$ cat query25.cif   # mmCIF, C-alpha atoms and all ligand atoms
data_run
#
loop_
_atom_site.label_atom_id
_atom_site.label_comp_id
_atom_site.auth_asym_id
_atom_site.auth_seq_id
_atom_site.Cartn_x
_atom_site.Cartn_y
_atom_site.Cartn_z
CA MET A 1 -55.18 -104.00 10.62
CA LYS A 2 -56.92 -106.51 8.35
CA GLU A 3 -55.62 -106.74 4.79
CA TRP A 4 -58.80 -105.29 3.26
CA GLU A 5 -58.73 -102.35 5.67
CA LYS A 6 -55.68 -101.03 3.87
CA ASN A 7 -57.93 -100.10 0.95
CA ILE A 8 -60.30 -98.02 3.03
CA ARG A 9 -60.04 -94.29 2.48
CA VAL A 10 -58.97 -92.52 5.66
CA ILE A 11 -59.94 -88.86 5.77
CA ALA A 12 -60.68 -86.26 8.45
CA PRO A 13 -64.21 -85.16 7.49
CA TYR A 14 -65.81 -81.72 7.72
CA VAL A 15 -67.70 -81.31 10.99
CA PRO A 16 -70.95 -79.35 10.58
CA GLY A 17 -72.49 -77.35 13.44
CA GLU A 18 -74.80 -79.18 15.79
CA GLN A 19 -78.47 -79.63 14.79
CA PRO A 20 -80.13 -80.34 18.16
CA LYS A 21 -83.50 -82.13 18.04
CA ASP A 22 -84.96 -79.97 20.82
CA LYS A 23 -87.14 -77.24 19.26
CA ASN A 24 -86.99 -75.07 22.38
CA ILE A 25 -83.46 -73.89 21.88
CA ILE A 26 -82.28 -70.60 20.44
CA LYS A 27 -80.22 -71.73 17.50
CA LEU A 28 -77.52 -69.25 16.56
CA ASN A 29 -74.84 -71.76 15.57
CA THR A 30 -75.13 -72.52 11.82
CA ASN A 31 -75.96 -69.19 10.17
CA GLU A 32 -79.48 -70.15 9.18
CA ASN A 33 -82.02 -67.43 8.49
CA PRO A 34 -84.47 -66.89 11.39
CA TYR A 35 -87.28 -65.86 9.01
CA PRO A 36 -89.42 -68.21 6.90
CA PRO A 37 -88.88 -68.61 3.15
CA ALA A 38 -90.79 -66.36 0.70
CA PRO A 39 -94.61 -66.75 0.72
CA GLY A 40 -94.50 -68.17 -2.84
CA VAL A 41 -92.64 -71.17 -1.43
CA ILE A 42 -95.60 -72.13 0.76
CA THR A 43 -97.93 -72.06 -2.28
CA ALA A 44 -95.44 -74.11 -4.31
CA VAL A 45 -95.21 -76.73 -1.54
CA ARG A 46 -99.03 -76.95 -1.23
CA GLU A 47 -99.56 -77.20 -4.97
CA PHE A 48 -96.78 -79.71 -5.56
CA ASP A 49 -98.08 -82.57 -7.72
CA THR A 50 -96.81 -85.73 -6.02
CA ASP A 51 -97.55 -87.80 -9.13
CA MET A 52 -94.54 -86.06 -10.69
CA LEU A 53 -92.30 -87.93 -8.24
CA ARG A 54 -92.59 -91.02 -10.45
CA LEU A 55 -90.31 -89.38 -12.96
CA TYR A 56 -86.62 -88.51 -12.83
CA PRO A 57 -86.07 -84.79 -12.43
CA ASP A 58 -84.76 -82.51 -15.19
CA THR A 59 -80.99 -82.98 -15.00
CA GLU A 60 -80.45 -79.35 -15.96
CA ALA A 61 -82.98 -77.94 -13.48
CA SER A 62 -84.08 -75.55 -16.25
CA LEU A 63 -87.04 -74.18 -14.31
CA LEU A 64 -84.67 -73.00 -11.60
CA THR A 65 -81.87 -71.73 -13.84
CA GLU A 66 -84.47 -69.78 -15.85
CA LYS A 67 -85.56 -67.89 -12.73
CA LEU A 68 -81.98 -67.36 -11.58
CA ALA A 69 -81.02 -66.05 -15.04
CA GLU A 70 -83.90 -63.56 -14.87
CA PHE A 71 -82.91 -62.46 -11.35
CA TYR A 72 -79.25 -61.81 -12.22
CA GLY A 73 -79.69 -60.68 -15.86
CA LEU A 74 -77.52 -63.56 -17.12
CA GLU A 75 -78.25 -66.54 -19.37
CA GLN A 76 -79.27 -70.00 -18.18
CA GLU A 77 -76.01 -71.40 -19.55
CA ASN A 78 -74.19 -69.26 -16.98
CA PHE A 79 -75.65 -71.32 -14.09
CA PHE A 80 -74.74 -74.60 -12.47
CA VAL A 81 -77.06 -75.73 -9.66
CA GLY A 82 -76.45 -78.33 -6.97
CA VAL A 83 -77.47 -79.73 -3.62
CA GLY A 84 -76.41 -76.78 -1.52
CA SER A 85 -73.33 -74.74 -2.37
CA ASP A 86 -71.30 -77.51 -0.69
CA ASP A 87 -72.20 -79.77 -3.61
CA VAL A 88 -71.47 -76.99 -6.12
CA LEU A 89 -68.10 -76.22 -4.51
CA SER A 90 -67.19 -79.88 -4.38
CA VAL A 91 -67.84 -80.23 -8.13
CA ALA A 92 -65.90 -77.02 -8.74
CA PHE A 93 -62.88 -78.38 -6.82
CA GLN A 94 -62.94 -81.53 -8.96
CA THR A 95 -63.43 -79.61 -12.20
CA PHE A 96 -60.99 -76.74 -11.83
CA PHE A 97 -58.23 -77.65 -9.39
CA ASN A 98 -56.21 -80.18 -11.35
CA SER A 99 -52.79 -78.53 -11.38
CA ASP A 100 -49.62 -79.81 -9.71
CA MET A 101 -49.26 -76.32 -8.25
CA PRO A 102 -51.00 -75.70 -4.89
CA ILE A 103 -54.33 -73.92 -4.76
CA TYR A 104 -54.46 -70.93 -2.40
CA PHE A 105 -57.01 -70.09 0.26
CA PRO A 106 -56.92 -68.19 3.59
CA ASP A 107 -55.66 -69.89 6.78
CA ILE A 108 -58.83 -68.95 8.62
CA THR A 109 -61.76 -69.73 6.36
CA TYR A 110 -64.52 -72.21 5.56
CA SER A 111 -63.02 -75.43 6.88
CA PHE A 112 -64.55 -77.53 4.11
CA TYR A 113 -61.95 -76.26 1.59
CA LYS A 114 -59.21 -78.27 3.29
CA VAL A 115 -61.40 -81.36 3.41
CA TRP A 116 -62.17 -81.22 -0.34
CA ALA A 117 -58.52 -80.57 -1.14
CA ASP A 118 -57.59 -83.67 0.89
CA MET A 119 -60.44 -85.71 -0.52
CA TYR A 120 -59.52 -84.95 -4.14
CA ARG A 121 -55.77 -84.95 -3.44
CA ILE A 122 -55.32 -81.35 -4.49
CA PRO A 123 -52.17 -79.66 -3.17
CA TYR A 124 -52.95 -76.46 -1.24
CA GLU A 125 -51.33 -73.61 0.64
CA CYS A 126 -53.09 -71.50 3.25
CA LYS A 127 -52.37 -67.77 3.18
CA LYS A 128 -52.37 -66.06 6.54
CA LEU A 129 -54.99 -63.39 7.20
CA ASP A 130 -53.52 -60.22 8.72
CA ASP A 131 -53.99 -59.45 12.43
CA ASP A 132 -57.35 -57.81 11.72
CA TYR A 133 -58.44 -60.92 9.82
CA ASN A 134 -58.23 -59.29 6.38
CA ILE A 135 -57.19 -61.29 3.32
CA VAL A 136 -53.78 -60.01 2.17
CA LYS A 137 -54.30 -59.84 -1.59
CA GLU A 138 -50.59 -59.69 -2.46
CA ASP A 139 -50.25 -63.22 -1.01
CA TYR A 140 -52.28 -64.48 -3.94
CA TYR A 141 -50.08 -62.98 -6.69
CA LYS A 142 -47.62 -65.89 -6.94
CA GLU A 143 -48.15 -68.62 -9.52
CA ASN A 144 -50.63 -71.20 -8.17
CA GLY A 145 -53.09 -73.94 -9.13
CA GLY A 146 -56.22 -71.89 -8.42
CA VAL A 147 -57.70 -69.61 -5.79
CA ILE A 148 -60.78 -69.82 -3.56
CA PHE A 149 -62.01 -67.58 -0.77
CA PRO A 150 -65.38 -66.67 0.73
CA ASN A 151 -66.50 -63.05 0.57
CA PRO A 152 -67.42 -62.08 3.25
CA ASN A 153 -65.01 -64.57 4.76
CA ALA A 154 -66.29 -67.13 7.28
CA PRO A 155 -66.09 -67.39 10.23
CA THR A 156 -64.49 -63.94 10.43
CA ALA A 157 -67.40 -62.05 8.72
CA VAL A 158 -64.89 -59.68 7.12
CA LEU A 159 -65.79 -58.35 3.67
CA MET A 160 -63.24 -57.61 0.97
CA PRO A 161 -64.36 -54.66 -1.17
CA LEU A 162 -64.97 -55.53 -4.83
CA ASP A 163 -61.82 -53.76 -6.04
CA GLY A 164 -59.76 -56.09 -3.82
CA VAL A 165 -61.56 -59.13 -5.24
CA GLU A 166 -60.92 -57.88 -8.77
CA ASP A 167 -57.26 -57.29 -7.95
CA ILE A 168 -56.89 -60.97 -6.97
CA ILE A 169 -58.68 -62.11 -10.15
CA ARG A 170 -56.56 -59.77 -12.31
CA HIS A 171 -53.39 -61.33 -10.89
CA ASN A 172 -54.71 -64.87 -11.46
CA GLN A 173 -55.92 -65.00 -15.04
CA ASP A 174 -54.20 -68.32 -15.80
CA VAL A 175 -56.15 -70.28 -13.19
CA ILE A 176 -59.75 -70.49 -11.98
CA VAL A 177 -60.70 -68.11 -9.18
CA ILE A 178 -63.73 -69.08 -7.08
CA VAL A 179 -65.45 -66.48 -4.93
CA ASP A 180 -67.74 -68.18 -2.40
CA GLU A 181 -70.49 -65.64 -1.78
CA ALA A 182 -72.62 -67.57 0.71
CA TYR A 183 -73.06 -64.36 2.76
CA ILE A 184 -72.71 -61.60 0.14
CA ASP A 185 -76.34 -60.41 0.28
CA PHE A 186 -75.98 -59.22 3.89
CA GLY A 187 -73.91 -56.20 2.93
CA GLY A 188 -71.33 -56.89 0.25
CA GLU A 189 -70.99 -56.14 -3.44
CA SER A 190 -71.11 -59.31 -5.52
CA ALA A 191 -68.40 -60.27 -7.99
CA VAL A 192 -71.17 -61.25 -10.44
CA SER A 193 -70.58 -57.89 -12.13
CA LEU A 194 -67.05 -59.07 -13.02
CA LEU A 195 -68.19 -62.19 -14.87
CA GLU A 196 -68.35 -60.41 -18.21
CA LYS A 197 -64.74 -59.36 -17.87
CA TYR A 198 -63.18 -62.58 -16.51
CA GLU A 199 -63.93 -65.93 -18.14
CA ASN A 200 -61.96 -67.72 -15.39
CA LEU A 201 -64.14 -66.42 -12.52
CA LEU A 202 -66.71 -68.59 -10.75
CA VAL A 203 -69.10 -67.01 -8.24
CA VAL A 204 -70.90 -69.42 -5.89
CA GLN A 205 -74.04 -68.58 -3.90
CA THR A 206 -76.66 -70.44 -1.89
CA PHE A 207 -80.35 -70.53 -0.91
CA SER A 208 -79.35 -71.49 2.64
CA LYS A 209 -78.76 -68.06 4.14
CA ALA A 210 -80.38 -64.99 2.53
CA ARG A 211 -83.20 -67.10 1.05
CA SER A 212 -84.08 -68.99 4.26
CA MET A 213 -83.94 -72.43 2.67
CA ALA A 214 -81.03 -74.34 4.23
CA GLY A 215 -83.27 -77.39 4.55
CA MET A 216 -83.99 -77.51 0.83
CA ARG A 217 -80.31 -77.76 -0.14
CA ILE A 218 -79.91 -75.50 -3.17
CA GLY A 219 -76.70 -73.81 -4.26
CA TYR A 220 -75.55 -72.38 -7.57
CA ALA A 221 -72.48 -71.24 -9.41
CA MET A 222 -72.37 -68.42 -11.94
CA GLY A 223 -69.66 -68.30 -14.54
CA SER A 224 -68.77 -68.27 -18.23
CA LYS A 225 -70.42 -70.90 -20.43
CA ARG A 226 -67.05 -72.62 -20.73
CA LEU A 227 -66.73 -73.07 -16.95
CA ILE A 228 -70.34 -74.15 -16.47
CA SER A 229 -70.15 -76.69 -19.25
CA ALA A 230 -66.96 -78.18 -17.72
CA MET A 231 -68.73 -78.48 -14.33
CA ASN A 232 -71.67 -80.22 -16.01
CA ASP A 233 -69.32 -82.75 -17.59
CA VAL A 234 -67.88 -83.61 -14.16
CA LYS A 235 -71.32 -83.73 -12.54
CA PHE A 236 -72.66 -86.02 -15.28
CA SER A 237 -69.66 -88.27 -14.63
CA ILE A 238 -70.73 -88.75 -11.01
CA ASN A 239 -74.51 -88.37 -10.64
CA SER A 240 -76.78 -86.78 -13.24
CA TYR A 241 -79.78 -86.38 -10.94
CA THR A 242 -78.38 -84.44 -8.02
CA MET A 243 -81.26 -82.00 -7.62
CA ASN A 244 -84.59 -83.52 -6.74
CA LEU A 245 -87.81 -82.33 -8.34
CA PRO A 246 -89.31 -80.57 -5.27
CA SER A 247 -86.10 -78.56 -4.87
CA ILE A 248 -86.23 -77.44 -8.50
CA ILE A 249 -89.88 -76.36 -8.35
CA ILE A 250 -89.86 -74.89 -4.85
CA GLY A 251 -86.49 -73.23 -5.40
CA ALA A 252 -87.78 -71.55 -8.58
CA SER A 253 -90.75 -70.16 -6.63
CA ALA A 254 -88.41 -68.60 -4.06
CA VAL A 255 -86.31 -66.63 -6.54
CA SER A 256 -89.14 -64.58 -8.01
CA ASP A 257 -90.03 -62.67 -4.83
CA ARG A 258 -87.37 -59.95 -4.83
CA GLN A 259 -89.27 -57.72 -2.41
CA TYR A 260 -89.53 -60.37 0.30
CA PHE A 261 -85.86 -61.20 -0.18
CA GLU A 262 -84.83 -57.57 0.28
CA ASP A 263 -87.15 -56.99 3.26
CA THR A 264 -85.78 -60.05 5.09
CA LEU A 265 -82.20 -58.96 4.45
CA ALA A 266 -82.95 -55.46 5.75
CA LYS A 267 -84.39 -56.90 8.98
CA ILE A 268 -81.31 -59.07 9.58
CA VAL A 269 -78.89 -56.22 8.82
CA ASN A 270 -80.78 -53.97 11.22
CA THR A 271 -80.66 -56.59 13.99
CA ARG A 272 -76.95 -57.15 13.30
CA GLU A 273 -76.11 -53.46 13.63
CA ASN A 274 -78.04 -53.23 16.92
CA ALA A 275 -76.25 -56.35 18.13
CA LYS A 276 -72.89 -54.68 17.46
CA SER A 277 -73.75 -51.85 19.89
CA ARG A 278 -74.89 -54.31 22.53
CA PHE A 279 -71.80 -56.51 22.20
CA LYS A 280 -69.68 -53.38 22.54
CA GLU A 281 -71.50 -52.32 25.73
CA LEU A 282 -70.70 -55.73 27.22
CA GLY A 283 -66.99 -55.34 26.42
CA PHE A 284 -66.82 -57.69 23.45
CA THR A 285 -64.58 -56.98 20.48
CA PHE A 286 -65.52 -58.12 16.99
CA THR A 287 -64.78 -57.65 13.32
CA ASP A 288 -67.05 -55.33 11.35
CA SER A 289 -69.42 -58.05 10.15
CA LYS A 290 -71.08 -57.77 6.77
CA ALA A 291 -72.57 -61.25 7.10
CA ASN A 292 -75.51 -62.76 9.04
CA PHE A 293 -73.24 -63.62 11.95
CA ILE A 294 -70.81 -61.82 14.25
CA PHE A 295 -67.38 -63.05 15.23
CA VAL A 296 -66.87 -61.93 18.83
CA SER A 297 -64.24 -62.19 21.53
CA HIS A 298 -63.95 -60.97 25.13
CA LYS A 299 -60.73 -60.05 26.89
CA LYS A 300 -61.95 -61.11 30.34
CA TYR A 301 -63.95 -64.22 29.57
CA ARG A 302 -62.95 -67.33 27.68
CA ALA A 303 -64.96 -68.05 24.53
CA LYS A 304 -65.21 -71.71 25.49
CA ASP A 305 -66.70 -70.86 28.89
CA ILE A 306 -69.23 -68.46 27.37
CA PHE A 307 -70.11 -71.11 24.80
CA GLU A 308 -70.75 -73.71 27.53
CA TYR A 309 -72.72 -71.24 29.64
CA LEU A 310 -74.96 -70.24 26.74
CA LYS A 311 -75.52 -73.89 25.89
CA SER A 312 -76.65 -74.54 29.47
CA LYS A 313 -79.23 -71.79 28.85
CA ASN A 314 -80.35 -73.50 25.62
CA ILE A 315 -78.66 -70.91 23.41
CA PHE A 316 -76.43 -72.52 20.80
CA VAL A 317 -73.59 -70.52 19.20
CA ARG A 318 -70.49 -71.81 17.39
CA TYR A 319 -67.13 -72.29 19.05
CA PHE A 320 -64.26 -73.57 16.91
CA GLY A 321 -61.38 -73.70 19.37
CA THR A 322 -58.84 -73.71 16.55
CA GLU A 323 -55.57 -71.86 16.11
CA ARG A 324 -55.78 -68.03 16.04
CA VAL A 325 -59.54 -68.05 16.74
CA ASP A 326 -59.69 -70.07 19.93
CA ASN A 327 -61.05 -67.15 21.94
CA TYR A 328 -63.78 -66.34 19.42
CA LEU A 329 -67.43 -67.25 19.08
CA ARG A 330 -69.37 -67.09 15.85
CA ILE A 331 -72.90 -65.99 16.61
CA THR A 332 -75.64 -66.08 13.98
CA ILE A 333 -78.02 -63.12 13.82
CA GLY A 334 -81.46 -64.31 14.91
CA THR A 335 -84.72 -62.41 15.31
CA ASP A 336 -84.77 -59.37 17.64
CA GLU A 337 -86.46 -61.53 20.31
CA GLN A 338 -83.80 -64.23 20.05
CA MET A 339 -81.06 -61.64 20.29
CA ASP A 340 -82.74 -60.11 23.38
CA LYS A 341 -82.58 -63.54 25.03
CA LEU A 342 -78.93 -63.92 24.03
CA PHE A 343 -78.01 -60.54 25.53
CA GLU A 344 -80.00 -61.22 28.69
CA ALA A 345 -77.96 -64.39 29.19
CA LEU A 346 -74.68 -62.63 28.38
CA GLU A 347 -75.45 -59.79 30.80
CA GLU A 348 -76.18 -62.31 33.51
CA TYR A 349 -72.91 -64.12 32.80
CA ILE A 350 -70.82 -60.98 32.75
CA ASP A 351 -72.40 -59.62 35.95
N1 LIG B 1 -69.63 -71.53 1.97
C1 LIG B 1 -69.54 -71.00 3.19
C2 LIG B 1 -68.51 -69.95 3.43
C3 LIG B 1 -70.37 -71.43 4.23
O1 LIG B 1 -70.25 -70.92 5.45
C4 LIG B 1 -71.34 -72.42 3.96
C5 LIG B 1 -72.27 -72.88 5.06
N2 LIG B 1 -71.79 -73.91 5.86
C6 LIG B 1 -71.39 -72.97 2.67
C7 LIG B 1 -70.54 -72.48 1.70
C8 LIG B 1 -72.31 -74.09 2.32
O2 LIG B 1 -73.66 -73.78 2.44
P1 LIG B 1 -74.77 -74.63 1.73
O3 LIG B 1 -74.21 -75.97 1.35
O4 LIG B 1 -75.86 -74.73 2.73
O5 LIG B 1 -75.19 -73.86 0.50
#
$ encode --input "query25.cif" --output "structure tokens"
Amino acid sequence: MKEWEKNIRVIAPYVPGEQPKDKNIIKLNTNENPYPPAPGVITAVREFDTDMLRLYPDTEASLLTEKLAEFYGLEQENFFVGVGSDDVLSVAFQTFFNSDMPIYFPDITYSFYKVWADMYRIPYECKKLDDDYNIVKEDYYKENGGVIFPNPNAPTAVLMPLDGVEDIIRHNQDVIVIVDEAYIDFGGESAVSLLEKYENLLVVQTFSKARSMAGMRIGYAMGSKRLISAMNDVKFSINSYTMNLPSIIIGASAVSDRQYFEDTLAKIVNTRENAKSRFKELGFTFTDSKANFIFVSHKKYRAKDIFEYLKSKNIFVRYFGTERVDNYLRITIGTDEQMDKLFEALEEYID
């Protein structure tokens, strides 16, 4: 090793799902929405004034936080926006997890949490999900440096009812509790309603899933003014202009269309519930998903083999191959037509 190499940061990075260049594949591997963004987005893109690109964007993304505040019945000062919820979560880790005590999160969960903890040198402890992949809330009662979990959890798709979420927050009022609600709109009850009661709660959501805008990179956190202002101080200590102008304007235009948002969600939930029956007919077992993906396993066939087979048929799903979930596939809910193709291929494989 050369002398200067000793100063290079060595870290195992987060590995995102594949984004194949080929447009002819059925892409069910990264939990994107199969439907286009709200019609207002198309108008906003067409009418975008490119001359505005000369200027730096509004560091507070006020246009966007104004729309979000209207949508959730909160104030603009309750919102922090960033480049996808990954950016928001990363700032939250840096802002809130500064204790010598370990932070707690589930053993099977969004694998980025471990990467951020390593990156920012935050001690952490993983709490084992039970055999049905539920979060065991009592495991989070002990003194800790902070708590984070997704609800529904990923990749398990299991939802914790709101009273369970509140129980964890109630037992952790001396630290910050982050609920990552990337998938909440597909069938869960958001912890946003608890914000008034708990000043130490941060709820994080994204435009990438329910709002069909993964490519735009918009995420947001909702919390007390105290928490949001602390996140802004950290953000302004790294990069003031994280959100670009098109994202602010186009993102704002997406929030207003509540009807389109609800209609798209209803379609995905309907497809998901049909998919559950079809997976069952084929002998798969799965958790009762409340997200836009299903976490499935088969007693007779290895997940890895199914994954490879589907890939050979140009159908991409996600296989993790990690401890406790190595015989599981995470399959994003696509359109009805895409799901028909998936089941045709699975039937063929199983026959
Ligand atoms: N949280 C969870 C649980 C996720 O699965 C994802 C998607 N990879 C994210 C956060 C980040 O999504 P985004 O950065 O697109 O908002």
$ closest_residue --input "query25.cif" --among "A:Glu77, A:Glu262, A:Glu143, A:Asp180" --to "A:Met160" --atoms "all atoms listed in the file"
A:Asp180
$ residues_near_ligand --input "query25.cif" --ligand "ligand LIG 1 (chain B)" --cutoff "8 Å" --atoms "all atoms listed in the file" --output "number ranges by chain"
A: 16, 30-31, 83-87, 89, 109-110, 150-155, 180-183, 205-209, 214, 217-219
$ residues_around --input "query25.cif" --residues "A:Leu195" --least-positions-apart "4" --cutoff "9 Å" --atoms "all atoms listed in the file" --output "PyMOL selection string"
chain A and resi 191+199-203+222-224
$ atom_distance --input "query25.cif" --atom1 "atom CA of A:Lys313" --atom2 "atom CA of A:Asn24"
10.6 Å
$ closest_residue --input "query25.cif" --among "A:Leu162, A:Leu329, A:Ile176, A:Ile135" --to "A:Phe96" --atoms "only C-alpha atoms"
A:Ile176
$ closest_residue --input "query25.cif" --among "A:Ser289, A:Ser277, A:Ser297, A:Ser312" --to "A:Phe343" --atoms "all atoms listed in the file"
A:Ser277
$ residues_around --input "query25.cif" --residues "A:Glu32" --least-positions-apart "3" --cutoff "10 Å" --atoms "all atoms listed in the file" --output "list of chain:residue names"
A:Lys27, A:Leu28, A:Asn29, A:Tyr35, A:Ser208, A:Lys209, A:Ala210, A:Arg211, A:Ser212, A:Met213, A:Ala214, A:Gly215, A:Asn292, A:Phe293, A:Thr332, A:Ile333, A:Gly334
